[in-house]
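Structure data (PDB, C-alpha atoms and all ligand atoms) from work18.pdb:
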```
ATOM      1  CA  MET P   1     -21.840  -1.176 -18.775
ATOM      2  CA  SER P   2     -23.070  -0.548 -22.288
ATOM      3  CA  ALA P   3     -26.675   0.647 -22.336
ATOM      4  CA  ALA P   4     -27.510  -2.214 -24.713
ATOM      5  CA  SER P   5     -25.798  -4.878 -22.604
ATOM      6  CA  PRO P   6     -27.748  -6.794 -19.978
ATOM      7  CA  VAL P   7     -24.443  -8.139 -18.600
ATOM      8  CA  ARG P   8     -23.436  -6.927 -15.145
ATOM      9  CA  HIS P   9     -19.822  -5.744 -15.384
ATOM     10  CA  PHE P  10     -17.991  -4.255 -12.395
ATOM     11  CA  LEU P  11     -15.757  -1.628 -13.951
ATOM     12  CA  ASP P  12     -15.530   1.516 -11.827
ATOM     13  CA  ILE P  13     -17.231   2.593  -8.601
ATOM     14  CA  HIS P  14     -18.637   5.834 -10.036
ATOM     15  CA  GLN P  15     -20.635   3.901 -12.664
ATOM     16  CA  TYR P  16     -22.949   2.368 -10.057
ATOM     17  CA  ASP P  17     -25.463   3.948  -7.730
ATOM     18  CA  THR P  18     -25.157   3.818  -3.969
ATOM     19  CA  ALA P  19     -27.867   1.170  -3.596
ATOM     20  CA  THR P  20     -25.999  -1.203  -5.929
ATOM     21  CA  LEU P  21     -22.687  -0.691  -4.122
ATOM     22  CA  ARG P  22     -24.412  -1.168  -0.755
ATOM     23  CA  ALA P  23     -26.042  -4.380  -1.974
ATOM     24  CA  ILE P  24     -22.625  -5.724  -2.994
ATOM     25  CA  LEU P  25     -21.149  -4.934   0.430
ATOM     26  CA  ASP P  26     -24.164  -6.399   2.237
ATOM     27  CA  ARG P  27     -23.766  -9.605   0.236
ATOM     28  CA  ALA P  28     -20.025  -9.626   0.984
ATOM     29  CA  LEU P  29     -20.717  -9.445   4.717
ATOM     30  CA  THR P  30     -23.387 -12.145   4.528
ATOM     31  CA  LEU P  31     -20.985 -14.483   2.717
ATOM     32  CA  LYS P  32     -18.145 -13.620   5.122
ATOM     33  CA  HIS P  33     -20.212 -14.729   8.092
ATOM     34  CA  ALA P  34     -22.181 -17.571   6.435
ATOM     35  CA  LYS P  35     -21.912 -20.748   8.509
ATOM     36  CA  ASP P  36     -23.174 -23.018   5.728
ATOM     37  CA  HIS P  37     -20.424 -22.112   3.185
ATOM     38  CA  PRO P  38     -22.724 -21.702   0.149
ATOM     39  CA  GLN P  39     -21.297 -22.960  -3.177
ATOM     40  CA  PRO P  40     -23.521 -21.322  -5.807
ATOM     41  CA  TYR P  41     -20.858 -21.375  -8.551
ATOM     42  CA  ARG P  42     -20.313 -25.118  -9.033
ATOM     43  CA  GLY P  43     -19.697 -25.627 -12.749
ATOM     44  CA  LYS P  44     -18.833 -21.965 -13.312
ATOM     45  CA  THR P  45     -15.364 -20.686 -14.250
ATOM     46  CA  LEU P  46     -13.674 -17.361 -13.518
ATOM     47  CA  ALA P  47     -10.819 -16.282 -15.817
ATOM     48  CA  LEU P  48      -8.221 -13.997 -14.241
ATOM     49  CA  ILE P  49      -6.010 -12.038 -16.632
ATOM     50  CA  PHE P  50      -2.965 -10.247 -15.235
ATOM     51  CA  GLU P  51      -0.913  -7.926 -17.422
ATOM     52  CA  LYS P  52       0.741  -6.655 -14.205
ATOM     53  CA  PRO P  53       1.969  -8.528 -11.120
ATOM     54  CA  SER P  54      -0.313  -9.319  -8.161
ATOM     55  CA  THR P  55      -0.368 -11.163  -4.859
ATOM     56  CA  ARG P  56      -3.608 -10.129  -3.129
ATOM     57  CA  THR P  57      -5.867  -9.759  -6.162
ATOM     58  CA  ARG P  58      -4.836 -13.096  -7.605
ATOM     59  CA  VAL P  59      -5.039 -15.111  -4.392
ATOM     60  CA  SER P  60      -8.228 -13.451  -3.132
ATOM     61  CA  PHE P  61     -10.079 -14.047  -6.409
ATOM     62  CA  GLU P  62      -8.751 -17.606  -6.765
ATOM     63  CA  VAL P  63      -9.580 -18.664  -3.209
ATOM     64  CA  GLY P  64     -12.857 -16.727  -3.131
ATOM     65  CA  MET P  65     -14.193 -18.285  -6.339
ATOM     66  CA  ARG P  66     -13.143 -21.796  -5.200
ATOM     67  CA  GLN P  67     -14.841 -21.284  -1.823
ATOM     68  CA  LEU P  68     -18.005 -20.452  -3.758
ATOM     69  CA  GLY P  69     -17.681 -23.780  -5.595
ATOM     70  CA  GLY P  70     -16.302 -22.418  -8.873
ATOM     71  CA  GLU P  71     -13.222 -23.049 -11.001
ATOM     72  CA  VAL P  72     -10.482 -20.524 -11.832
ATOM     73  CA  ILE P  73      -8.129 -20.091 -14.790
ATOM     74  CA  THR P  74      -5.309 -17.592 -14.348
ATOM     75  CA  LEU P  75      -3.491 -16.095 -17.333
ATOM     76  CA  THR P  76      -0.505 -13.845 -16.808
ATOM     77  CA  GLY P  77       1.808 -11.587 -18.803
ATOM     78  CA  LYS P  78       2.839 -12.637 -22.250
ATOM     79  CA  GLU P  79       1.155 -16.063 -22.137
ATOM     80  CA  ILE P  80      -2.065 -14.387 -23.289
ATOM     81  CA  GLN P  81      -2.621 -12.786 -26.702
ATOM     82  CA  LEU P  82      -4.546  -9.811 -25.236
ATOM     83  CA  GLY P  83      -3.929  -6.795 -27.428
ATOM     84  CA  HIS P  84      -0.850  -8.410 -29.040
ATOM     85  CA  GLY P  85      -1.799 -11.414 -31.168
ATOM     86  CA  GLU P  86      -5.480 -10.404 -31.446
ATOM     87  CA  THR P  87      -7.743  -7.541 -30.492
ATOM     88  CA  ILE P  88      -9.022  -7.262 -26.936
ATOM     89  CA  ALA P  89     -12.569  -7.486 -28.260
ATOM     90  CA  ASP P  90     -11.805 -10.790 -29.995
ATOM     91  CA  THR P  91     -10.267 -12.161 -26.787
ATOM     92  CA  GLY P  92     -13.458 -11.131 -24.969
ATOM     93  CA  ARG P  93     -15.641 -12.907 -27.529
ATOM     94  CA  VAL P  94     -13.579 -16.111 -27.334
ATOM     95  CA  LEU P  95     -13.267 -16.217 -23.536
ATOM     96  CA  SER P  96     -17.031 -15.705 -23.262
ATOM     97  CA  ARG P  97     -17.481 -19.081 -25.012
ATOM     98  CA  PHE P  98     -15.466 -20.854 -22.298
ATOM     99  CA  VAL P  99     -15.841 -19.022 -18.997
ATOM    100  CA  ASP P 100     -18.634 -17.388 -17.008
ATOM    101  CA  ILE P 101     -16.857 -14.268 -15.764
ATOM    102  CA  ILE P 102     -13.560 -12.463 -16.456
ATOM    103  CA  MET P 103     -11.313 -10.273 -14.297
ATOM    104  CA  LEU P 104      -8.680  -8.109 -15.986
ATOM    105  CA  ARG P 105      -5.708  -6.292 -14.427
ATOM    106  CA  THR P 106      -4.100  -4.070 -17.049
ATOM    107  CA  ASN P 107      -2.540  -0.680 -17.681
ATOM    108  CA  ASP P 108      -5.061   1.132 -19.853
ATOM    109  CA  GLU P 109      -8.603   1.609 -18.550
ATOM    110  CA  ALA P 110      -9.810   1.569 -22.178
ATOM    111  CA  LYS P 111      -8.815  -2.115 -22.430
ATOM    112  CA  VAL P 112     -11.203  -3.043 -19.602
ATOM    113  CA  HIS P 113     -14.016  -1.177 -21.341
ATOM    114  CA  GLU P 114     -13.186  -2.715 -24.727
ATOM    115  CA  LEU P 115     -13.236  -6.182 -23.163
ATOM    116  CA  ALA P 116     -16.551  -5.464 -21.439
ATOM    117  CA  GLU P 117     -18.129  -4.157 -24.647
ATOM    118  CA  ALA P 118     -17.296  -7.354 -26.526
ATOM    119  CA  ALA P 119     -17.675  -9.989 -23.805
ATOM    120  CA  THR P 120     -21.030 -11.649 -23.281
ATOM    121  CA  VAL P 121     -20.064 -12.519 -19.691
ATOM    122  CA  PRO P 122     -19.338 -10.068 -16.838
ATOM    123  CA  VAL P 123     -15.957  -8.301 -16.721
ATOM    124  CA  ILE P 124     -14.397  -7.083 -13.453
ATOM    125  CA  ASN P 125     -11.725  -4.360 -13.272
ATOM    126  CA  GLY P 126      -8.838  -5.764 -11.192
ATOM    127  CA  LEU P 127      -6.780  -2.521 -11.359
ATOM    128  CA  THR P 128      -5.713  -0.181 -14.144
ATOM    129  CA  ASP P 129      -3.292   2.748 -14.159
ATOM    130  CA  VAL P 130      -6.201   4.976 -13.065
ATOM    131  CA  SER P 131      -8.508   2.873 -10.865
ATOM    132  CA  HIS P 132      -8.726   0.000  -8.385
ATOM    133  CA  PRO P 133     -12.423  -0.435  -7.562
ATOM    134  CA  CYS P 134     -12.247  -3.922  -5.965
ATOM    135  CA  GLN P 135      -9.684  -2.600  -3.485
ATOM    136  CA  ILE P 136     -11.838   0.298  -2.380
ATOM    137  CA  MET P 137     -14.934  -1.891  -1.985
ATOM    138  CA  ALA P 138     -12.826  -3.953   0.443
ATOM    139  CA  ASP P 139     -11.625  -0.747   2.105
ATOM    140  CA  ILE P 140     -15.165   0.525   2.735
ATOM    141  CA  LEU P 141     -16.072  -2.895   4.164
ATOM    142  CA  THR P 142     -13.014  -2.729   6.434
ATOM    143  CA  PHE P 143     -13.685   0.814   7.629
ATOM    144  CA  GLU P 144     -17.294  -0.010   8.473
ATOM    145  CA  GLU P 145     -16.375  -3.224  10.313
ATOM    146  CA  HIS P 146     -14.023  -1.224  12.537
ATOM    147  CA  ARG P 147     -15.778   2.125  12.867
ATOM    148  CA  GLY P 148     -19.399   1.795  11.695
ATOM    149  CA  PRO P 149     -21.053   3.628   8.781
ATOM    150  CA  ILE P 150     -18.596   5.666   6.695
ATOM    151  CA  GLN P 151     -21.288   8.155   5.676
ATOM    152  CA  GLY P 152     -20.439  11.542   7.173
ATOM    153  CA  LYS P 153     -16.933  10.477   8.259
ATOM    154  CA  THR P 154     -13.640  12.014   7.116
ATOM    155  CA  VAL P 155     -10.921  10.077   5.304
ATOM    156  CA  CYS P 156      -7.444  11.540   4.753
ATOM    157  CA  TRP P 157      -5.339  10.383   1.813
ATOM    158  CA  THR P 158      -1.703  11.511   1.659
ATOM    159  CA  GLY P 159       0.763  11.012  -1.192
ATOM    160  CA  ASP P 160       0.280  10.279  -4.878
ATOM    161  CA  ALA P 161      -3.332  10.776  -6.039
ATOM    162  CA  ASN P 162      -2.980   7.536  -7.990
ATOM    163  CA  ASN P 163      -5.299   4.735  -9.181
ATOM    164  CA  VAL P 164      -6.216   3.718  -5.609
ATOM    165  CA  CYS P 165      -6.878   7.360  -4.685
ATOM    166  CA  GLN P 166      -9.097   7.787  -7.750
ATOM    167  CA  SER P 167     -11.307   4.906  -6.606
ATOM    168  CA  TRP P 168     -11.398   6.443  -3.097
ATOM    169  CA  ILE P 169     -12.642   9.655  -4.763
ATOM    170  CA  HIS P 170     -15.422   7.738  -6.516
ATOM    171  CA  ALA P 171     -16.311   6.052  -3.213
ATOM    172  CA  ALA P 172     -16.375   9.358  -1.292
ATOM    173  CA  VAL P 173     -19.115  10.601  -3.609
ATOM    174  CA  ARG P 174     -21.130   7.376  -3.714
ATOM    175  CA  PHE P 175     -20.838   6.565   0.029
ATOM    176  CA  ASP P 176     -21.151  10.242   1.079
ATOM    177  CA  PHE P 177     -18.039  10.868   3.177
ATOM    178  CA  GLU P 178     -15.453  13.668   3.126
ATOM    179  CA  LEU P 179     -12.136  12.846   1.481
ATOM    180  CA  ARG P 180      -9.162  15.134   2.047
ATOM    181  CA  ILE P 181      -6.243  14.534  -0.305
ATOM    182  CA  ALA P 182      -2.813  15.918   0.578
ATOM    183  CA  CYS P 183      -0.488  15.667  -2.424
ATOM    184  CA  PRO P 184       2.076  17.622  -4.435
ATOM    185  CA  GLN P 185       0.696  19.636  -7.348
ATOM    186  CA  GLU P 186       2.372  17.320  -9.886
ATOM    187  CA  LEU P 187       0.500  14.296  -8.512
ATOM    188  CA  GLU P 188      -2.993  15.718  -8.080
ATOM    189  CA  PRO P 189      -6.230  13.995  -9.082
ATOM    190  CA  SER P 190      -7.130  14.712 -12.698
ATOM    191  CA  ALA P 191      -9.180  17.807 -13.537
ATOM    192  CA  LYS P 192     -11.755  15.486 -15.127
ATOM    193  CA  THR P 193     -12.194  13.530 -11.893
ATOM    194  CA  MET P 194     -12.496  16.691  -9.811
ATOM    195  CA  ALA P 195     -15.036  18.118 -12.289
ATOM    196  CA  TRP P 196     -17.073  14.919 -11.817
ATOM    197  CA  VAL P 197     -16.894  15.361  -8.028
ATOM    198  CA  ALA P 198     -18.123  18.953  -8.354
ATOM    199  CA  ALA P 199     -20.958  17.916 -10.673
ATOM    200  CA  GLU P 200     -22.016  15.235  -8.166
ATOM    201  CA  GLY P 201     -21.795  17.645  -5.201
ATOM    202  CA  GLY P 202     -19.115  15.484  -3.562
ATOM    203  CA  ARG P 203     -16.889  16.482  -0.659
ATOM    204  CA  VAL P 204     -13.346  15.881  -1.934
ATOM    205  CA  HIS P 205     -10.739  18.492  -1.047
ATOM    206  CA  VAL P 206      -7.170  18.719  -2.334
ATOM    207  CA  THR P 207      -4.426  20.410  -0.318
ATOM    208  CA  ARG P 208      -0.624  20.552  -0.188
ATOM    209  CA  ASP P 209      -0.748  20.399   3.622
ATOM    210  CA  PRO P 210      -0.815  16.886   5.124
ATOM    211  CA  ASP P 211      -1.330  18.288   8.643
ATOM    212  CA  ALA P 212      -4.503  20.117   7.602
ATOM    213  CA  ALA P 213      -5.775  17.016   5.760
ATOM    214  CA  ALA P 214      -5.111  14.775   8.761
ATOM    215  CA  ALA P 215      -6.729  17.013  11.404
ATOM    216  CA  GLY P 216      -9.529  15.035  13.056
ATOM    217  CA  ALA P 217      -9.714  12.403  10.262
ATOM    218  CA  HIS P 218     -11.306   9.030  11.015
ATOM    219  CA  ALA P 219      -9.053   7.088   8.635
ATOM    220  CA  MET P 220      -5.529   7.792   7.393
ATOM    221  CA  VAL P 221      -4.757   6.200   4.031
ATOM    222  CA  THR P 222      -1.781   6.111   1.708
ATOM    223  CA  ASP P 223      -0.184   3.984  -1.014
ATOM    224  CA  THR P 224       3.197   3.353  -2.569
ATOM    225  CA  TRP P 225       5.095   6.350  -3.933
ATOM    226  CA  VAL P 226       5.968   4.389  -7.076
ATOM    227  CA  SER P 227       3.128   2.439  -8.695
ATOM    228  CA  MET P 228       3.741  -0.435 -11.100
ATOM    229  CA  HIS P 229       3.346   1.831 -14.130
ATOM    230  CA  ASN P 230       5.588   4.664 -12.845
ATOM    231  CA  LYS P 231       9.116   5.065 -14.196
ATOM    232  CA  ASP P 232      10.339   8.157 -12.306
ATOM    233  CA  ALA P 233      11.026   6.665  -8.862
ATOM    234  CA  GLU P 234      13.688   9.138  -7.764
ATOM    235  CA  ARG P 235      11.598  12.219  -8.592
ATOM    236  CA  ARG P 236       8.565  10.721  -6.840
ATOM    237  CA  HIS P 237      10.509   9.960  -3.684
ATOM    238  CA  ALA P 238      11.669  13.589  -3.531
ATOM    239  CA  LEU P 239       8.177  14.956  -4.172
ATOM    240  CA  LEU P 240       6.376  12.635  -1.757
ATOM    241  CA  LYS P 241       8.729  12.604   1.236
ATOM    242  CA  PRO P 242       6.724  15.306   3.112
ATOM    243  CA  TYR P 243       3.576  13.167   2.810
ATOM    244  CA  GLN P 244       4.673  10.137   4.868
ATOM    245  CA  ILE P 245       2.134   8.863   7.391
ATOM    246  CA  ASN P 246       4.065   8.561  10.650
ATOM    247  CA  GLU P 247       3.227   8.766  14.357
ATOM    248  CA  ARG P 248       3.294  12.582  14.308
ATOM    249  CA  LEU P 249       0.743  12.774  11.464
ATOM    250  CA  MET P 250      -1.418  10.000  12.999
ATOM    251  CA  GLY P 251      -1.405  12.085  16.192
ATOM    252  CA  LEU P 252      -3.252  14.885  14.367
ATOM    253  CA  ALA P 253      -6.074  12.559  13.279
ATOM    254  CA  SER P 254      -8.975  11.541  15.493
ATOM    255  CA  SER P 255      -7.747   9.556  18.505
ATOM    256  CA  ASP P 256      -9.581   6.478  17.188
ATOM    257  CA  ALA P 257      -8.446   6.892  13.564
ATOM    258  CA  ILE P 258      -7.496   3.746  11.689
ATOM    259  CA  PHE P 259      -4.579   3.393   9.269
ATOM    260  CA  MET P 260      -5.275   1.763   5.883
ATOM    261  CA  HIS P 261      -3.040   0.773   2.951
ATOM    262  CA  CYS P 262      -3.912  -1.416  -0.035
ATOM    263  CA  LEU P 263      -0.448  -3.075   0.091
ATOM    264  CA  PRO P 264       2.238  -3.773  -0.997
ATOM    265  CA  ALA P 265       3.674  -1.142   1.393
ATOM    266  CA  HIS P 266       7.168   0.234   1.993
ATOM    267  CA  ARG P 267       8.024   0.856   5.633
ATOM    268  CA  GLY P 268      10.028   4.070   6.024
ATOM    269  CA  GLU P 269       8.685   5.524   2.761
ATOM    270  CA  GLU P 270       4.949   6.283   2.474
ATOM    271  CA  VAL P 271       4.348   4.941   6.009
ATOM    272  CA  SER P 272       6.559   4.546   9.071
ATOM    273  CA  ALA P 273       6.996   1.044  10.478
ATOM    274  CA  ALA P 274       5.527   2.257  13.788
ATOM    275  CA  VAL P 275       2.230   3.192  12.115
ATOM    276  CA  MET P 276       2.060   0.262   9.717
ATOM    277  CA  ASP P 277       2.662  -2.265  12.493
ATOM    278  CA  GLY P 278       0.986  -0.203  15.220
ATOM    279  CA  PRO P 279      -2.328  -0.564  17.047
ATOM    280  CA  GLN P 280      -4.307   1.723  14.699
ATOM    281  CA  SER P 281      -3.354  -0.248  11.587
ATOM    282  CA  VAL P 282      -6.080  -2.465  10.067
ATOM    283  CA  ILE P 283      -4.106  -3.470   6.974
ATOM    284  CA  TRP P 284      -4.315  -7.248   7.443
ATOM    285  CA  ASP P 285      -8.108  -7.136   7.859
ATOM    286  CA  GLU P 286      -8.161  -4.895   4.785
ATOM    287  CA  ALA P 287      -6.176  -7.463   2.791
ATOM    288  CA  GLU P 288      -8.473 -10.313   3.904
ATOM    289  CA  ASN P 289     -11.526  -8.271   2.988
ATOM    290  CA  ARG P 290     -10.407  -8.232  -0.643
ATOM    291  CA  MET P 291     -11.734 -11.783  -0.825
ATOM    292  CA  HIS P 292     -15.019 -11.053   0.942
ATOM    293  CA  ALA P 293     -15.722  -7.876  -1.051
ATOM    294  CA  GLN P 294     -14.948  -9.693  -4.292
ATOM    295  CA  LYS P 295     -17.311 -12.525  -3.372
ATOM    296  CA  GLY P 296     -19.972  -9.813  -3.128
ATOM    297  CA  ILE P 297     -18.909  -8.474  -6.536
ATOM    298  CA  LEU P 298     -18.880 -11.967  -8.117
ATOM    299  CA  ASN P 299     -22.334 -12.582  -6.676
ATOM    300  CA  TRP P 300     -23.706  -9.297  -8.035
ATOM    301  CA  CYS P 301     -22.166  -9.841 -11.484
ATOM    302  CA  LEU P 302     -23.407 -13.448 -11.713
ATOM    303  CA  THR P 303     -26.949 -12.691 -10.562
ATOM    304  CA  PRO P 304     -29.204 -12.747 -13.633
TER     305      PRO P 304
HETATM  306  N1  LIG H   1      -3.683  -4.389  -3.226
HETATM  307  C1  LIG H   1      -3.476  -5.145  -4.325
HETATM  308  O1  LIG H   1      -4.182  -5.046  -5.327
HETATM  309  O2  LIG H   1      -2.432  -6.004  -4.204
HETATM  310  P1  LIG H   1      -1.814  -6.910  -5.378
HETATM  311  O3  LIG H   1      -1.110  -5.984  -6.326
HETATM  312  O4  LIG H   1      -0.871  -7.818  -4.654
HETATM  313  O5  LIG H   1      -2.924  -7.644  -6.054
HETATM  314  N1  LIG H   2      -0.879   2.086  -6.810
HETATM  315  C1  LIG H   2      -0.394   0.727  -6.807
HETATM  316  C2  LIG H   2      -1.421  -0.183  -6.273
HETATM  317  C3  LIG H   2      -1.008  -1.624  -6.178
HETATM  318  C4  LIG H   2      -2.099  -2.516  -5.642
HETATM  319  C5  LIG H   2       0.036   0.319  -8.196
HETATM  320  O1  LIG H   2      -0.699   0.607  -9.147
HETATM  321  O2  LIG H   2       1.116  -0.261  -8.352
END
```
Conversion result in structure tokens:
Amino acid sequence: MSAASPVRHFLDIHQYDTATLRAILDRALTLKHAKDHPQPYRGKTLALIFEKPSTRTRVSFEVGMRQLGGEVITLTGKEIQLGHGETIADTGRVLSRFVDIIMLRTNDEAKVHELAEAATVPVINGLTDVSHPCQIMADILTFEEHRGPIQGKTVCWTGDANNVCQSWIHAAVRFDFELRIACPQELEPSAKTMAWVAAEGGRVHVTRDPDAAAAGAHAMVTDTWVSMHNKDAERRHALLKPYQINERLMGLASSDAIFMHCLPAHRGEEVSAAVMDGPQSVIWDEAENRMHAQKGILNWCLTP
């Protein structure tokens, strides 16, 4: 959020303090369990912009906003002029005259920030090449529903230290849990992110050894080996094969560890079918919680 802007954007987990993130999750839980189905956003419109494909993000935002009484406009791919026919800032200025809040899924994080700088309505980051904050808000909600407070717990991430992993890193610092990342050297978290962790006194550890990362962990987490923006699928498969979460690796974690994955997942690649469809997997709750967490985010952004 620009220092001069009174608008509440939701851009990246590390930009907000713990109390703010907690308030969003508390609101998400309240709305999830509300019996009276509050509709505070009658007459308000959410614009969703997708420069990359989506199932969960699109449906969870569309249904969530409608449940809250609001309207939704979804713009995808080349049907929008974003960054092609006009500047991102100009798109932000124009959309702000029509809608009350904007979500953007794009490649370059800078586009989300440029949109937020120019828009006079809140902007939500719906995934970039380097972050996925809405997903990890839903993931924290899911962990805590199943296992109680995440503070002081240990989460193990194996595989590519990608956009989803980066938001887990931000969450580890803000929600005060240990995050162990097992990944090949080529796919490590950025030096800048790890310098931020060190400056914040966070507990994020990077190793090549998935067994060591898994030992005693309370949650086992992974993601696709080939993200939407990756071109080198064959090389990634070769690099990431030793990092699959399977029954053997789950067996090294705490006996009550849960398995999490943002989806879409690939059985037999980053996760075995036995784990993904097994009793420790909470992936369908995790997917549903996208909507509840995002209702909390919408509520925070739209609160004057
Ligand atoms: N997890 C997630 O963001 O899924 P989609 O790409 O389907 O939105
Ligand atoms: N890392 C994945 C997440 C998809 C929700 C990607 O960026 O494609």
(request) All residues within 7 Å of ligand LIG 2 (chain H) are required, counting all atoms listed in the file; please report them as a list in words. (result)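 So the residues close to ligand LIG 2 (chain H) are Asp129, Asn162, Asn163, Val164, Asp223, Thr224, Val226, Ser227, Met228, His229, Cys262, Leu263 and Pro264 of chain P.
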(request) For region 61-67 of chain P, please output as an MDAnalysis selection string all residues within 7 Å (counting all atoms listed in the file; exclusion window: fewer than 6 positions along the same chain). (result) chainID P and resid 39 291 294:295
(message) Suppose a student applies the PyMOL selection byres (((not hetatm)) within 7 of (chain H and resi 1)) to this structure; what residues should they get, written as number ranges by chain?
(response) P: 53-58, 135, 262-264
(request) Work out how far apart CA of Ser167 (chain P) and CA of Gly69 (chain P) are and give it in Å to one decimal. (result)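 These two atoms are separated by 29.4 Å.
Atom pair CA of Leu68 (chain P) / CA of Val94 (chain P) has a distance of 24.4 Å (rounded to one decimal).
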(request) Could you tell me how far CA of Asn230 (chain P) lies from CA of Arg267 (chain P), in Å and to one decimal? (result)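 Distance between the two atoms: 19.0 Å.
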(message) Which residues are close to Glu200 (chain P), i.e. within 8 Å by only C-alpha atoms, leaving aside same-chain residues fewer than 3 positions away? Reply as an NGL selection string.
(response) :P and (173 or 196-197)
Can you give me, as a PDB file with C-alpha atoms, keeping the file's coordinate frame, the residues this file yields under the PyMOL selection byres (((chain P and resi 252-261) around 7) and not hetatm)?
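As a result, out.pdb now contains:
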```pdb
ATOM      1  CA  ASP P 211      -1.330  18.288   8.643  1.00  0.00           C
ATOM      2  CA  ALA P 214      -5.111  14.775   8.761  1.00  0.00           C
ATOM      3  CA  ALA P 215      -6.729  17.013  11.404  1.00  0.00           C
ATOM      4  CA  GLY P 216      -9.529  15.035  13.056  1.00  0.00           C
ATOM      5  CA  ALA P 217      -9.714  12.403  10.262  1.00  0.00           C
ATOM      6  CA  HIS P 218     -11.306   9.030  11.015  1.00  0.00           C
ATOM      7  CA  ALA P 219      -9.053   7.088   8.635  1.00  0.00           C
ATOM      8  CA  MET P 220      -5.529   7.792   7.393  1.00  0.00           C
ATOM      9  CA  VAL P 221      -4.757   6.200   4.031  1.00  0.00           C
ATOM     10  CA  THR P 222      -1.781   6.111   1.708  1.00  0.00           C
ATOM     11  CA  ASP P 223      -0.184   3.984  -1.014  1.00  0.00           C
ATOM     12  CA  ARG P 248       3.294  12.582  14.308  1.00  0.00           C
ATOM     13  CA  LEU P 249       0.743  12.774  11.464  1.00  0.00           C
ATOM     14  CA  MET P 250      -1.418  10.000  12.999  1.00  0.00           C
ATOM     15  CA  GLY P 251      -1.405  12.085  16.192  1.00  0.00           C
ATOM     16  CA  CYS P 262      -3.912  -1.416  -0.035  1.00  0.00           C
ATOM     17  CA  LEU P 263      -0.448  -3.075   0.091  1.00  0.00           C
ATOM     18  CA  GLN P 280      -4.307   1.723  14.699  1.00  0.00           C
ATOM     19  CA  SER P 281      -3.354  -0.248  11.587  1.00  0.00           C
ATOM     20  CA  VAL P 282      -6.080  -2.465  10.067  1.00  0.00           C
ATOM     21  CA  ILE P 283      -4.106  -3.470   6.974  1.00  0.00           C
TER      22      ILE P 283
END
```
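Compared by their closest atoms to Gly201 (chain P), and using all atoms listed in the file, the residues P:Lys52, P:His37, P:Arg174, P:His113 rank with P:Arg174 nearest.
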(message) List the spatial neighbours of Glu269 (chain P) as a ChimeraX atom specification - criterion: any atom at most 8 Å away, all atoms listed in the file, same-chain residues fewer than 3 positions off excluded.
(response) /P:224-225,241,244,266,272
Give me, as an mmCIF file with C-alpha atoms, in the coordinates of the input, all polymer residues having an atom no more than 10 Å from Lys44 (chain P), counting all atoms listed in the file and skipping those fewer than 2 positions away in the same chain.
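Final output, saved to selection-v1.cif:
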```cif
data_model
loop_
_atom_site.group_PDB
_atom_site.id
_atom_site.type_symbol
_atom_site.label_atom_id
_atom_site.label_comp_id
_atom_site.auth_asym_id
_atom_site.auth_seq_id
_atom_site.Cartn_x
_atom_site.Cartn_y
_atom_site.Cartn_z
ATOM 1 C CA PRO P 40 -23.521 -21.322 -5.807
ATOM 2 C CA TYR P 41 -20.858 -21.375 -8.551
ATOM 3 C CA ARG P 42 -20.313 -25.118 -9.033
ATOM 4 C CA LEU P 46 -13.674 -17.361 -13.518
ATOM 5 C CA MET P 65 -14.193 -18.285 -6.339
ATOM 6 C CA ARG P 66 -13.143 -21.796 -5.200
ATOM 7 C CA LEU P 68 -18.005 -20.452 -3.758
ATOM 8 C CA GLY P 69 -17.681 -23.780 -5.595
ATOM 9 C CA GLY P 70 -16.302 -22.418 -8.873
ATOM 10 C CA GLU P 71 -13.222 -23.049 -11.001
ATOM 11 C CA VAL P 72 -10.482 -20.524 -11.832
ATOM 12 C CA PHE P 98 -15.466 -20.854 -22.298
ATOM 13 C CA VAL P 99 -15.841 -19.022 -18.997
ATOM 14 C CA ASP P 100 -18.634 -17.388 -17.008
ATOM 15 C CA ILE P 101 -16.857 -14.268 -15.764
ATOM 16 C CA LEU P 302 -23.407 -13.448 -11.713
#
```
(message) Which residues would end up in the selection if the PyMOL selection byres (((chain P and resi 139-151) around 8) and not hetatm) were applied here, given that I need the answer as a PyMOL selection string?
(response) chain P and resi 25+135-138+152-153+175-177+219+258+260+282+285-286+289+293
(message) So, with all atoms listed in the file as the atoms that count, which of P:Ala274, P:His205, P:Glu117, P:Ile245 lies closest to Thr154 (chain P)?
(response) P:His205
(message) Please determine, counting only C-alpha atoms, which residue among P:Gly85, P:Pro304, P:Glu109, P:Gly296 has the shortest atom-to-atom distance to Asp26 (chain P).
(response)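 Of the candidates, the smallest distance to Asp26 (chain P) is held by P:Gly296.
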(request) Fewer than 4 positions away in the same chain doesn't count, so skip those; otherwise give me all residues within 10 Å of Met103 (chain P), counting all atoms listed in the file, as a PyMOL selection string. (result) chain P and resi 9-11+46-50+57-58+61+74+112+115+122-127+298
(message) When you count all atoms listed in the file, which of these residues is closest to Arg105 (chain P): P:Leu75, P:Val155, P:Ala119, P:Thr91?
(response)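 Among P:Leu75, P:Val155, P:Ala119, P:Thr91, it is P:Leu75 that comes nearest to Arg105 (chain P).
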